[in-house]
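The file structure28.pdb comes next; it holds PDB, C-alpha atoms and all ligand atoms.
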```pdb
ATOM      1  CA  MET M   1       0.000   0.000   0.000
ATOM      2  CA  ARG M   2       1.102   3.515  -0.798
ATOM      3  CA  PHE M   3       0.712   4.870   2.663
ATOM      4  CA  SER M   4       2.701   2.142   4.366
ATOM      5  CA  THR M   5       5.592   4.632   3.997
ATOM      6  CA  ALA M   6       4.049   6.802   6.720
ATOM      7  CA  PRO M   7       4.965   5.985  10.304
ATOM      8  CA  LYS M   8       1.876   4.847  12.180
ATOM      9  CA  PRO M   9       1.505   5.386  15.912
ATOM     10  CA  SER M  10       1.433   1.607  16.171
ATOM     11  CA  GLU M  11       4.973   1.607  14.787
ATOM     12  CA  ILE M  12       6.091   4.204  17.294
ATOM     13  CA  THR M  13       4.661   2.242  20.228
ATOM     14  CA  PRO M  14       6.655  -0.987  20.447
ATOM     15  CA  PRO M  15       4.397  -3.712  18.955
ATOM     16  CA  ALA M  16       4.663  -5.961  22.025
ATOM     17  CA  VAL M  17       3.343  -3.205  24.308
ATOM     18  CA  TRP M  18       0.602  -2.439  21.782
ATOM     19  CA  THR M  19      -0.592  -6.028  21.550
ATOM     20  CA  ALA M  20      -0.505  -6.563  25.307
ATOM     21  CA  ARG M  21      -2.569  -3.466  25.955
ATOM     22  CA  ARG M  22      -5.138  -4.498  23.371
ATOM     23  CA  GLU M  23      -5.332  -8.007  24.852
ATOM     24  CA  THR M  24      -5.962  -6.607  28.342
ATOM     25  CA  LEU M  25      -8.769  -4.446  26.996
ATOM     26  CA  ARG M  26     -10.325  -7.369  25.134
ATOM     27  CA  LYS M  27     -10.411  -9.369  28.356
ATOM     28  CA  LEU M  28     -11.980  -6.444  30.199
ATOM     29  CA  ALA M  29     -14.595  -6.169  27.488
ATOM     30  CA  ALA M  30     -15.326  -9.885  27.665
ATOM     31  CA  LEU M  31     -15.923  -9.532  31.400
ATOM     32  CA  GLY M  32     -18.439  -6.758  30.732
ATOM     33  CA  GLY M  33     -16.046  -4.217  32.177
ATOM     34  CA  LEU M  34     -15.533  -0.594  31.348
ATOM     35  CA  ALA M  35     -14.398  -1.129  27.805
ATOM     36  CA  ALA M  36     -17.531  -2.972  26.704
ATOM     37  CA  SER M  37     -18.268  -0.920  23.605
ATOM     38  CA  PRO M  38     -16.053  -1.464  20.604
ATOM     39  CA  TRP M  39     -15.633   2.298  20.464
ATOM     40  CA  ALA M  40     -14.330   2.427  24.040
ATOM     41  CA  LEU M  41     -11.841  -0.247  23.085
ATOM     42  CA  ALA M  42     -10.774   1.864  20.155
ATOM     43  CA  GLN M  43     -10.089   4.911  22.277
ATOM     44  CA  THR M  44      -7.201   3.201  23.957
ATOM     45  CA  ALA M  45      -6.094   0.508  21.566
ATOM     46  CA  SER M  46      -7.186  -0.579  18.108
ATOM     47  CA  THR M  47     -10.026   0.731  15.945
ATOM     48  CA  PRO M  48     -13.736  -0.162  16.206
ATOM     49  CA  TRP M  49     -13.784  -1.045  12.513
ATOM     50  CA  GLY M  50     -12.045  -3.927  10.811
ATOM     51  CA  THR M  51      -9.559  -3.426   8.031
ATOM     52  CA  PRO M  52     -10.896  -0.545   5.954
ATOM     53  CA  ARG M  53     -11.197  -1.364   2.264
ATOM     54  CA  SER M  54      -8.795   0.422  -0.007
ATOM     55  CA  SER M  55     -10.511   2.941  -2.213
ATOM     56  CA  PRO M  56     -10.287   3.908  -5.864
ATOM     57  CA  PHE M  57     -10.495   7.494  -4.597
ATOM     58  CA  SER M  58      -6.926   7.590  -3.304
ATOM     59  CA  LEU M  59      -5.918   9.654  -6.304
ATOM     60  CA  THR M  60      -2.402  10.635  -5.307
ATOM     61  CA  ASP M  61       0.991   8.973  -5.214
ATOM     62  CA  ASP M  62       2.373  11.727  -2.983
ATOM     63  CA  LYS M  63       3.916  10.444   0.203
ATOM     64  CA  PRO M  64       1.741  10.977   3.298
ATOM     65  CA  THR M  65       2.879  13.710   5.643
ATOM     66  CA  PRO M  66       4.275  12.192   8.853
ATOM     67  CA  PHE M  67       1.597  11.450  11.477
ATOM     68  CA  SER M  68       3.545  13.441  14.079
ATOM     69  CA  THR M  69       3.453  16.558  11.854
ATOM     70  CA  VAL M  70      -0.252  16.321  11.058
ATOM     71  CA  THR M  71      -1.121  15.909  14.746
ATOM     72  CA  SER M  72       1.078  18.750  15.997
ATOM     73  CA  TYR M  73       0.342  21.509  13.446
ATOM     74  CA  GLY M  74      -3.159  22.586  12.502
ATOM     75  CA  ASN M  75      -6.201  24.752  13.074
ATOM     76  CA  PHE M  76      -8.923  24.032  15.613
ATOM     77  CA  TYR M  77      -9.860  27.446  16.968
ATOM     78  CA  GLU M  78     -12.052  26.021  19.735
ATOM     79  CA  PHE M  79      -8.708  25.073  21.340
ATOM     80  CA  GLY M  80      -6.837  28.266  20.529
ATOM     81  CA  PRO M  81      -5.519  30.388  17.671
ATOM     82  CA  ASP M  82      -2.005  28.983  17.234
ATOM     83  CA  LYS M  83      -0.904  26.053  15.094
ATOM     84  CA  ASP M  84       0.177  24.116  18.176
ATOM     85  CA  SER M  85      -2.923  25.022  20.248
ATOM     86  CA  PRO M  86      -4.973  21.968  19.158
ATOM     87  CA  ALA M  87      -2.199  19.549  20.109
ATOM     88  CA  LYS M  88      -1.781  21.301  23.472
ATOM     89  CA  HIS M  89      -5.425  21.581  24.475
ATOM     90  CA  ALA M  90      -7.594  19.088  22.558
ATOM     91  CA  HIS M  91      -7.019  16.398  25.201
ATOM     92  CA  ARG M  92      -9.865  18.169  27.045
ATOM     93  CA  LEU M  93     -12.359  17.018  24.415
ATOM     94  CA  ARG M  94     -14.667  14.180  25.529
ATOM     95  CA  THR M  95     -15.456  12.090  22.463
ATOM     96  CA  GLN M  96     -17.874   9.685  24.098
ATOM     97  CA  PRO M  97     -20.744   9.531  24.367
ATOM     98  CA  TRP M  98     -21.186  11.351  21.061
ATOM     99  CA  GLN M  99     -24.202  11.923  18.855
ATOM    100  CA  ILE M 100     -24.900  13.594  15.545
ATOM    101  CA  ARG M 101     -28.352  15.037  14.986
ATOM    102  CA  VAL M 102     -29.332  15.073  11.282
ATOM    103  CA  GLU M 103     -32.386  17.242  10.645
ATOM    104  CA  GLY M 104     -34.042  19.958   8.587
ATOM    105  CA  GLU M 105     -35.392  19.255   5.106
ATOM    106  CA  VAL M 106     -35.429  15.467   5.541
ATOM    107  CA  LEU M 107     -38.197  12.901   5.822
ATOM    108  CA  LYS M 108     -36.418  11.045   8.609
ATOM    109  CA  PRO M 109     -34.706  13.355  11.102
ATOM    110  CA  THR M 110     -32.439  11.087  13.125
ATOM    111  CA  THR M 111     -30.032  11.255  16.045
ATOM    112  CA  PHE M 112     -27.159   8.854  15.382
ATOM    113  CA  GLY M 113     -25.067   7.569  18.242
ATOM    114  CA  LEU M 114     -21.452   7.054  17.335
ATOM    115  CA  ASP M 115     -21.636   3.246  17.290
ATOM    116  CA  THR M 116     -24.606   3.345  14.873
ATOM    117  CA  LEU M 117     -22.885   5.933  12.724
ATOM    118  CA  LEU M 118     -19.767   3.801  12.437
ATOM    119  CA  LYS M 119     -21.782   0.882  11.086
ATOM    120  CA  LEU M 120     -23.703   2.862   8.508
ATOM    121  CA  ALA M 121     -21.385   2.019   5.622
ATOM    122  CA  ALA M 122     -18.154   0.192   4.863
ATOM    123  CA  MET M 123     -15.038   2.000   6.071
ATOM    124  CA  GLU M 124     -12.604   3.077   3.394
ATOM    125  CA  GLU M 125      -9.056   4.284   3.565
ATOM    126  CA  ARG M 126      -8.388   7.273   1.338
ATOM    127  CA  VAL M 127      -5.199   9.217   0.831
ATOM    128  CA  TYR M 128      -6.171  12.843   0.150
ATOM    129  CA  ARG M 129      -4.198  16.004  -0.506
ATOM    130  CA  MET M 130      -5.322  18.786   1.849
ATOM    131  CA  ARG M 131      -4.734  22.523   1.310
ATOM    132  CA  CYS M 132      -5.185  25.234   3.949
ATOM    133  CA  VAL M 133      -6.118  28.748   2.828
ATOM    134  CA  GLU M 134      -2.996  29.928   4.689
ATOM    135  CA  GLY M 135      -0.723  28.249   2.136
ATOM    136  CA  TRP M 136       0.297  24.970   3.746
ATOM    137  CA  SER M 137      -0.712  21.536   2.579
ATOM    138  CA  ALA M 138      -0.517  17.916   3.679
ATOM    139  CA  VAL M 139      -1.222  14.409   2.401
ATOM    140  CA  ILE M 140      -3.362  12.398   4.821
ATOM    141  CA  PRO M 141      -4.649   8.806   4.758
ATOM    142  CA  TRP M 142      -8.164   9.243   6.150
ATOM    143  CA  ILE M 143     -10.579   6.499   7.230
ATOM    144  CA  GLY M 144     -14.298   6.983   6.771
ATOM    145  CA  PHE M 145     -17.174   6.618   4.332
ATOM    146  CA  PRO M 146     -18.866   8.958   1.835
ATOM    147  CA  LEU M 147     -21.080  11.543   3.534
ATOM    148  CA  GLY M 148     -23.738  10.707   0.922
ATOM    149  CA  GLU M 149     -24.332   7.381   2.691
ATOM    150  CA  LEU M 150     -25.519   9.281   5.768
ATOM    151  CA  ILE M 151     -27.516  11.884   3.857
ATOM    152  CA  ARG M 152     -29.410   9.312   1.814
ATOM    153  CA  ARG M 153     -30.330   7.512   5.045
ATOM    154  CA  VAL M 154     -32.385  10.491   6.275
ATOM    155  CA  GLN M 155     -34.120  11.036   2.900
ATOM    156  CA  PRO M 156     -33.740  14.697   1.877
ATOM    157  CA  THR M 157     -36.946  16.440   0.767
ATOM    158  CA  GLY M 158     -37.169  18.277  -2.559
ATOM    159  CA  ASN M 159     -36.474  21.523  -0.679
ATOM    160  CA  ALA M 160     -33.027  20.453   0.509
ATOM    161  CA  LYS M 161     -30.444  22.501  -1.411
ATOM    162  CA  TYR M 162     -27.593  22.923   1.091
ATOM    163  CA  VAL M 163     -26.068  20.963   3.955
ATOM    164  CA  GLU M 164     -24.868  22.760   7.069
ATOM    165  CA  PHE M 165     -22.339  21.257   9.509
ATOM    166  CA  ILE M 166     -22.232  22.364  13.128
ATOM    167  CA  SER M 167     -19.285  21.609  15.400
ATOM    168  CA  LEU M 168     -19.407  21.165  19.157
ATOM    169  CA  ALA M 169     -19.033  24.422  21.136
ATOM    170  CA  ASP M 170     -18.684  23.513  24.804
ATOM    171  CA  PRO M 171     -16.735  26.065  26.866
ATOM    172  CA  GLU M 172     -16.028  23.420  29.510
ATOM    173  CA  GLN M 173     -14.056  21.344  27.027
ATOM    174  CA  MET M 174     -13.108  24.017  24.516
ATOM    175  CA  PRO M 175     -11.690  26.991  26.424
ATOM    176  CA  TYR M 176     -11.429  29.327  23.430
ATOM    177  CA  VAL M 177     -15.141  29.349  22.608
ATOM    178  CA  ARG M 178     -15.345  31.858  25.465
ATOM    179  CA  LEU M 179     -13.418  34.287  23.248
ATOM    180  CA  PRO M 180     -14.803  35.877  20.081
ATOM    181  CA  LEU M 181     -12.123  34.380  17.787
ATOM    182  CA  LEU M 182     -14.938  33.198  15.509
ATOM    183  CA  SER M 183     -18.700  33.138  15.779
ATOM    184  CA  TRP M 184     -19.486  29.938  17.721
ATOM    185  CA  PRO M 185     -20.427  27.219  17.129
ATOM    186  CA  TYR M 186     -18.104  26.694  14.158
ATOM    187  CA  THR M 187     -20.303  26.091  11.119
ATOM    188  CA  GLU M 188     -19.594  25.182   7.531
ATOM    189  CA  ALA M 189     -21.814  24.272   4.602
ATOM    190  CA  LEU M 190     -21.849  22.664   1.170
ATOM    191  CA  ARG M 191     -24.292  22.672  -1.702
ATOM    192  CA  LEU M 192     -26.238  19.377  -1.658
ATOM    193  CA  ASP M 193     -24.521  18.052  -4.802
ATOM    194  CA  GLU M 194     -21.097  18.819  -3.290
ATOM    195  CA  ALA M 195     -22.109  17.026  -0.104
ATOM    196  CA  LEU M 196     -23.245  13.995  -2.130
ATOM    197  CA  HIS M 197     -20.085  13.897  -4.255
ATOM    198  CA  PRO M 198     -18.285  10.571  -3.704
ATOM    199  CA  LEU M 199     -15.051  12.356  -2.695
ATOM    200  CA  THR M 200     -16.751  14.036   0.289
ATOM    201  CA  LEU M 201     -15.803  11.912   3.251
ATOM    202  CA  LEU M 202     -17.185  11.591   6.762
ATOM    203  CA  ALA M 203     -13.989  10.640   8.558
ATOM    204  CA  PHE M 204     -13.521   8.742  11.828
ATOM    205  CA  GLY M 205      -9.827   8.032  11.676
ATOM    206  CA  MET M 206      -6.511   8.561   9.977
ATOM    207  CA  TYR M 207      -3.225   6.670   9.517
ATOM    208  CA  GLY M 208      -4.987   3.457  10.492
ATOM    209  CA  GLU M 209      -6.024   4.876  13.858
ATOM    210  CA  VAL M 210      -9.063   6.404  15.526
ATOM    211  CA  MET M 211      -9.168  10.178  14.822
ATOM    212  CA  PRO M 212      -6.832  12.115  17.107
ATOM    213  CA  LYS M 213      -8.705  14.747  19.111
ATOM    214  CA  GLN M 214      -6.760  17.656  17.609
ATOM    215  CA  ASN M 215      -7.787  16.520  14.135
ATOM    216  CA  GLY M 216     -11.510  16.583  14.904
ATOM    217  CA  ALA M 217     -12.465  13.456  16.830
ATOM    218  CA  PRO M 218     -14.668  11.580  16.838
ATOM    219  CA  VAL M 219     -16.106  12.546  13.459
ATOM    220  CA  ARG M 220     -15.291  15.259  10.942
ATOM    221  CA  LEU M 221     -15.774  16.206   7.353
ATOM    222  CA  VAL M 222     -13.052  15.947   4.698
ATOM    223  CA  VAL M 223     -13.565  17.858   1.431
ATOM    224  CA  PRO M 224     -10.270  17.594  -0.438
ATOM    225  CA  TRP M 225     -10.895  20.082  -3.298
ATOM    226  CA  LYS M 226     -11.742  22.936  -0.937
ATOM    227  CA  TYR M 227      -9.630  24.963   1.478
ATOM    228  CA  GLY M 228      -9.150  23.187   4.805
ATOM    229  CA  PHE M 229     -11.669  25.258   6.727
ATOM    230  CA  LYS M 230     -14.568  23.602   4.854
ATOM    231  CA  SER M 231     -13.657  20.328   6.607
ATOM    232  CA  ALA M 232     -15.475  20.910   9.915
ATOM    233  CA  LYS M 233     -14.204  19.006  12.939
ATOM    234  CA  SER M 234     -16.045  17.360  15.853
ATOM    235  CA  ILE M 235     -19.490  17.601  14.222
ATOM    236  CA  VAL M 236     -22.626  17.347  16.390
ATOM    237  CA  ARG M 237     -25.341  18.507  14.011
ATOM    238  CA  ILE M 238     -26.041  18.366  10.284
ATOM    239  CA  ARG M 239     -28.909  20.397   8.831
ATOM    240  CA  LEU M 240     -30.339  20.133   5.347
ATOM    241  CA  VAL M 241     -31.689  23.524   4.359
ATOM    242  CA  GLU M 242     -33.165  25.392   1.422
ATOM    243  CA  GLN M 243     -31.203  28.661   1.658
ATOM    244  CA  GLN M 244     -27.407  28.969   1.402
ATOM    245  CA  PRO M 245     -26.185  29.179   5.016
ATOM    246  CA  GLN M 246     -23.700  31.675   6.384
ATOM    247  CA  THR M 247     -20.521  29.990   7.590
ATOM    248  CA  ALA M 248     -18.200  30.855  10.487
ATOM    249  CA  TRP M 249     -15.459  32.083   8.121
ATOM    250  CA  MET M 250     -17.843  34.102   5.938
ATOM    251  CA  LYS M 251     -19.003  35.853   9.094
ATOM    252  CA  ALA M 252     -15.374  36.455  10.122
ATOM    253  CA  GLY M 253     -14.414  37.991   6.768
ATOM    254  CA  PRO M 254     -16.943  37.954   3.918
ATOM    255  CA  SER M 255     -14.502  39.520   1.451
ATOM    256  CA  GLU M 256     -11.793  36.946   2.270
ATOM    257  CA  TYR M 257     -13.739  33.697   2.645
ATOM    258  CA  GLY M 258     -16.511  32.922   0.189
ATOM    259  CA  PHE M 259     -19.126  30.208   0.394
ATOM    260  CA  TYR M 260     -17.502  27.957  -2.209
ATOM    261  CA  SER M 261     -13.859  28.151  -1.088
ATOM    262  CA  ASN M 262     -12.665  25.859  -3.863
ATOM    263  CA  VAL M 263      -8.878  25.710  -3.999
ATOM    264  CA  ASN M 264      -8.128  28.153  -6.831
ATOM    265  CA  PRO M 265      -4.556  29.305  -7.553
ATOM    266  CA  ASP M 266      -5.916  32.092  -9.815
ATOM    267  CA  VAL M 267      -7.977  33.800  -7.119
ATOM    268  CA  PRO M 268      -5.708  35.324  -4.477
ATOM    269  CA  HIS M 269      -6.833  35.676  -0.907
ATOM    270  CA  LYS M 270      -7.299  39.384  -0.215
ATOM    271  CA  ARG M 271      -3.987  39.545   1.651
ATOM    272  CA  TRP M 272      -1.819  36.914  -0.107
ATOM    273  CA  SER M 273      -1.421  34.816  -3.245
ATOM    274  CA  GLN M 274      -2.875  31.304  -3.518
ATOM    275  CA  SER M 275      -0.635  30.232  -6.405
ATOM    276  CA  THR M 276       1.807  28.156  -4.339
ATOM    277  CA  GLU M 277       1.795  26.059  -1.186
ATOM    278  CA  ARG M 278       4.289  24.552   1.243
ATOM    279  CA  ARG M 279       3.796  20.887   1.975
ATOM    280  CA  LEU M 280       4.293  20.403   5.730
ATOM    281  CA  GLY M 281       7.755  18.935   6.249
ATOM    282  CA  GLU M 282       9.142  20.271   2.953
ATOM    283  CA  PHE M 283      11.203  23.394   2.282
ATOM    284  CA  SER M 284      10.561  24.418  -1.303
ATOM    285  CA  LYS M 285       7.118  25.451  -2.469
ATOM    286  CA  ARG M 286       4.852  23.612  -4.875
ATOM    287  CA  LYS M 287       2.427  25.062  -7.376
ATOM    288  CA  THR M 288      -1.149  24.888  -6.149
ATOM    289  CA  LEU M 289      -3.450  23.043  -8.535
ATOM    290  CA  PRO M 290      -7.028  24.077  -9.423
ATOM    291  CA  PHE M 291      -9.464  22.248  -7.131
ATOM    292  CA  ASN M 292      -6.352  21.037  -5.299
ATOM    293  CA  GLY M 293      -5.720  18.521  -8.104
ATOM    294  CA  TYR M 294      -9.264  17.087  -8.122
ATOM    295  CA  ALA M 295     -10.534  19.065 -11.153
ATOM    296  CA  GLU M 296     -11.226  15.938 -13.166
ATOM    297  CA  GLN M 297     -13.558  14.690 -10.426
ATOM    298  CA  VAL M 298     -15.305  17.912  -9.376
ATOM    299  CA  ALA M 299     -14.955  20.695 -11.986
ATOM    300  CA  GLN M 300     -18.277  19.766 -13.596
ATOM    301  CA  LEU M 301     -20.079  20.702 -10.362
ATOM    302  CA  TYR M 302     -19.255  24.327 -11.190
ATOM    303  CA  SER M 303     -19.735  24.428 -14.952
ATOM    304  CA  GLY M 304     -21.220  27.745 -15.974
ATOM    305  CA  MET M 305     -20.227  29.451 -12.715
ATOM    306  CA  ASP M 306     -17.739  32.322 -12.605
ATOM    307  CA  LEU M 307     -15.310  31.049  -9.975
ATOM    308  CA  ARG M 308     -13.826  34.532  -9.522
ATOM    309  CA  THR M 309     -17.103  35.853  -8.159
ATOM    310  CA  HIS M 310     -18.096  32.564  -6.546
ATOM    311  CA  PHE M 311     -14.805  32.177  -4.663
TER     312      PHE M 311
HETATM  313  N1  LIG V   1     -14.559  22.919  14.324
HETATM  314  C1  LIG V   1     -13.523  23.348  13.593
HETATM  315  N2  LIG V   1     -13.232  22.721  12.436
HETATM  316  C2  LIG V   1     -12.172  23.119  11.690
HETATM  317  C3  LIG V   1     -11.377  24.226  12.085
HETATM  318  C4  LIG V   1     -11.705  24.872  13.322
HETATM  319  O1  LIG V   1     -11.062  25.849  13.742
HETATM  320  N3  LIG V   1     -12.767  24.393  14.042
HETATM  321  N4  LIG V   1     -10.327  24.640  11.292
HETATM  322  C5  LIG V   1     -10.390  24.291   9.867
HETATM  323  C6  LIG V   1      -9.156  24.580   9.141
HETATM  324  S1  LIG V   1      -8.821  26.211   8.830
HETATM  325  C7  LIG V   1      -8.329  23.596   8.677
HETATM  326  S2  LIG V   1      -6.986  23.967   7.682
HETATM  327  C8  LIG V   1      -8.583  22.168   9.011
HETATM  328  C9  LIG V   1      -7.326  21.559   9.609
HETATM  329  O2  LIG V   1      -7.504  20.188   9.815
HETATM  330  P1  LIG V   1      -6.279  19.303  10.349
HETATM  331  O3  LIG V   1      -5.818  19.912  11.642
HETATM  332  O4  LIG V   1      -6.798  17.922  10.524
HETATM  333  O5  LIG V   1      -5.203  19.401   9.312
HETATM  334  O6  LIG V   1      -9.645  22.000   9.918
HETATM  335  C10 LIG V   1     -10.779  22.819   9.662
HETATM  336  N5  LIG V   1     -11.893  22.442  10.537
HETATM  337 MO    MO V   2      -7.205  26.290   7.160
END
```
Kindly present the structure from the file in structure tokens form.
Ligand SMILES: Nc1nc2c(c(=O)[nH]1)N[C@H]1C(S)=C(S)[C@@H](COP(=O)(O)O)O[C@H]1N2
Ligand SMILES: [Mo]
Amino acid sequence: MRFSTAPKPSEITPPAVWTARRETLRKLAALGGLAASPWALAQTASTPWGTPRSSPFSLTDDKPTPFSTVTSYGNFYEFGPDKDSPAKHAHRLRTQPWQIRVEGEVLKPTTFGLDTLLKLAAMEERVYRMRCVEGWSAVIPWIGFPLGELIRRVQPTGNAKYVEFISLADPEQMPYVRLPLLSWPYTEALRLDEALHPLTLLAFGMYGEVMPKQNGAPVRLVVPWKYGFKSAKSIVRIRLVEQQPQTAWMKAGPSEYGFYSNVNPDVPHKRWSQSTERRLGEFSKRKTLPFNGYAEQVAQLYSGMDLRTHF
């Protein structure tokens, strides 16, 4: 497999220690102890899913960014404004119990517990390029299933045109939601056809492991042809709506962050160019590709639209 080149946490922890810990937890689970749910087992040892199937949607041969880099550098403003804030503070996040409420323009509004959610569709492993609006990028092997599998389950009505994603905003766990860094809760949104596109992933893990808290545990969105901020972390609510929603970043700076936010090297951010990017862990810059390299898969979603006005 391509991403076997990336160090996994299971390779950093000596395998003997890893196996022993997992065995202990299995025994506890068998006794009806604390770790009874497969998810609880996953939090400390392996994953609650089997081997994810490899996907035809891993469309890159680029080497995955090291796990240690992706977990120590990122944005998760609920835990602070600096790149190392999420790694420092996200341990305060409680990822179980966890529920996602799916509602709005649907025939079957449903609250999914995490264990149900995990079993909704077959887990896939997908290596995606990611591009932050700030000019850095990464290559990440995600684990999840297409968001469309969840959306179809709740049966959208004919009025559903957009899908809104709402992240957790709990000041007890997320100290920075007490400050007006952004308008809380963090929200993002996609047009319904974007949300149903097979590349749009609902992700529960990465690098073969359960999602690290700083990367948006226990469940987040991954939209690889859009700037990173579209990929909302730690989602608690999904709403299907008729009108195009405002998003947290549009509220923060409407002239800098548009609704579509497709990666577009030809449309500069108001304060800097978007033509190049620095892959985390590399020194020289790379050219940024239209739709982050996924044009062949997604460009037709925007045919007839002026992507300079719809940035
Ligand atoms: N809830 C929430 N989701 C979020 C953010 C955030 O601040 N809060 N930051 C976004 C931005 S700007 C980026 S680049 C990606 C970073 O994801 P990563 O840390 O897994 O690379 O998460 C996105 N999702
Ligand atoms: Mo970002």
Please report as a tab-separated table every residue of region 109-160 of chain M lying within 7 Å of region 81-101 of chain M, along with the nearest atom pair and their distance in Å (one decimal), using all atoms listed in the file.
```
residue	atom	partner	partner_atom	distance
M:Thr110	CA	M:Arg101	CA	6.0
M:Thr111	CA	M:Arg101	CA	4.3
M:Phe112	CA	M:Ile100	CA	5.3
M:Gly113	CA	M:Gln99	CA	4.5
M:Leu114	CA	M:Trp98	CA	5.7
```
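CA of Phe291 (chain M) to atom O2 of ligand LIG 1 (chain V) spans 17.2 Å [interatomic distance, one decimal].
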In terms of all atoms listed in the file, the residue from M:Arg271, M:His197, M:Lys213, M:Lys285 at minimal distance from Gln300 (chain M) is M:His197
Nearby residues (only C-alpha atoms) at most 6 Å from region 161-178 of chain M, same-chain spacing under 2 positions excluded, as a VMD selection string
chain M and resid 78 to 80 92 to 93 185 to 192 234 to 242
One number please: CA of Leu120 (chain M) to CA of Met206 (chain M), in Å, one decimal.
18.2 Å
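Between CA of Tyr207 (chain M) and atom P1 of ligand LIG 1 (chain V) lies a distance of 13.0 Å.
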Around ligand MO 2 (chain V), which protein and nucleic acid residues have at least one atom no more than 8 Å from it, if we count all atoms listed in the file? List them as a ChimeraX atom specification.
/M:74-75,131-134,227-229
What's around Gly135 (chain M) at 7 Å? Count only C-alpha atoms, leave out sequence neighbours fewer than 6 positions away in its own chain, and write the answer as number ranges by chain.
M: 274, 276-278
Is it possible to get the axis-aligned box enclosing region 52-70 of chain M (all listed atoms, 6 Å extra per side) as lines of an AutoDock Vina configuration file, with centre and edge lengths in Å rounded to one decimal?
```
center_x = -3.5
center_y = 7.6
center_z = 3.9
size_x = 27.5
size_y = 29.9
size_z = 32.4
```
Identify, on the basis of all atoms listed in the file, every residue whose closest approach to Gly50 (chain M) does not exceed 12 Å; exclude the query and any residue fewer than 4 positions from it along the same chain; express the result as a short mmCIF file (atom, residue, chain, number, x, y, z; two decimals) with C-alpha atoms, keeping the file's coordinate frame.
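Contents of selection.cif, freshly written:
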```
data_model
loop_
_atom_site.label_atom_id
_atom_site.label_comp_id
_atom_site.auth_asym_id
_atom_site.auth_seq_id
_atom_site.Cartn_x
_atom_site.Cartn_y
_atom_site.Cartn_z
CA PRO M 38 -16.05 -1.46 20.60
CA ALA M 42 -10.77 1.86 20.16
CA SER M 46 -7.19 -0.58 18.11
CA LEU M 118 -19.77 3.80 12.44
CA LYS M 119 -21.78 0.88 11.09
CA ALA M 122 -18.15 0.19 4.86
CA MET M 123 -15.04 2.00 6.07
CA GLU M 124 -12.60 3.08 3.39
CA GLU M 125 -9.06 4.28 3.56
CA ILE M 143 -10.58 6.50 7.23
CA GLY M 144 -14.30 6.98 6.77
CA GLY M 208 -4.99 3.46 10.49
CA GLU M 209 -6.02 4.88 13.86
CA VAL M 210 -9.06 6.40 15.53
#
```
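In this comparison, which uses all atoms listed in the file, the residue of M:Leu179, M:Ser231, M:Gly158, M:Asp62 approaching ligand LIG 1 (chain V) most closely is M:Ser231.
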Selection result for the PyMOL selection byres (((chain M and resi 200) around 10) and not hetatm) on this file, as a PyMOL selection string:
chain M and resi 144-148+194-199+201-203+221-225+231
Selection file, C-alpha atoms, as a CSV table (one decimal), in the frame of the given file:
```
chain,number,residue,atom,x,y,z
M,144,GLY,CA,-14.3,7.0,6.8
M,145,PHE,CA,-17.2,6.6,4.3
M,146,PRO,CA,-18.9,9.0,1.8
M,147,LEU,CA,-21.1,11.5,3.5
M,148,GLY,CA,-23.7,10.7,0.9
M,194,GLU,CA,-21.1,18.8,-3.3
M,195,ALA,CA,-22.1,17.0,-0.1
M,196,LEU,CA,-23.2,14.0,-2.1
M,197,HIS,CA,-20.1,13.9,-4.3
M,198,PRO,CA,-18.3,10.6,-3.7
M,199,LEU,CA,-15.1,12.4,-2.7
M,201,LEU,CA,-15.8,11.9,3.3
M,202,LEU,CA,-17.2,11.6,6.8
M,203,ALA,CA,-14.0,10.6,8.6
M,221,LEU,CA,-15.8,16.2,7.4
M,222,VAL,CA,-13.1,15.9,4.7
M,223,VAL,CA,-13.6,17.9,1.4
M,224,PRO,CA,-10.3,17.6,-0.4
M,225,TRP,CA,-10.9,20.1,-3.3
M,231,SER,CA,-13.7,20.3,6.6
```
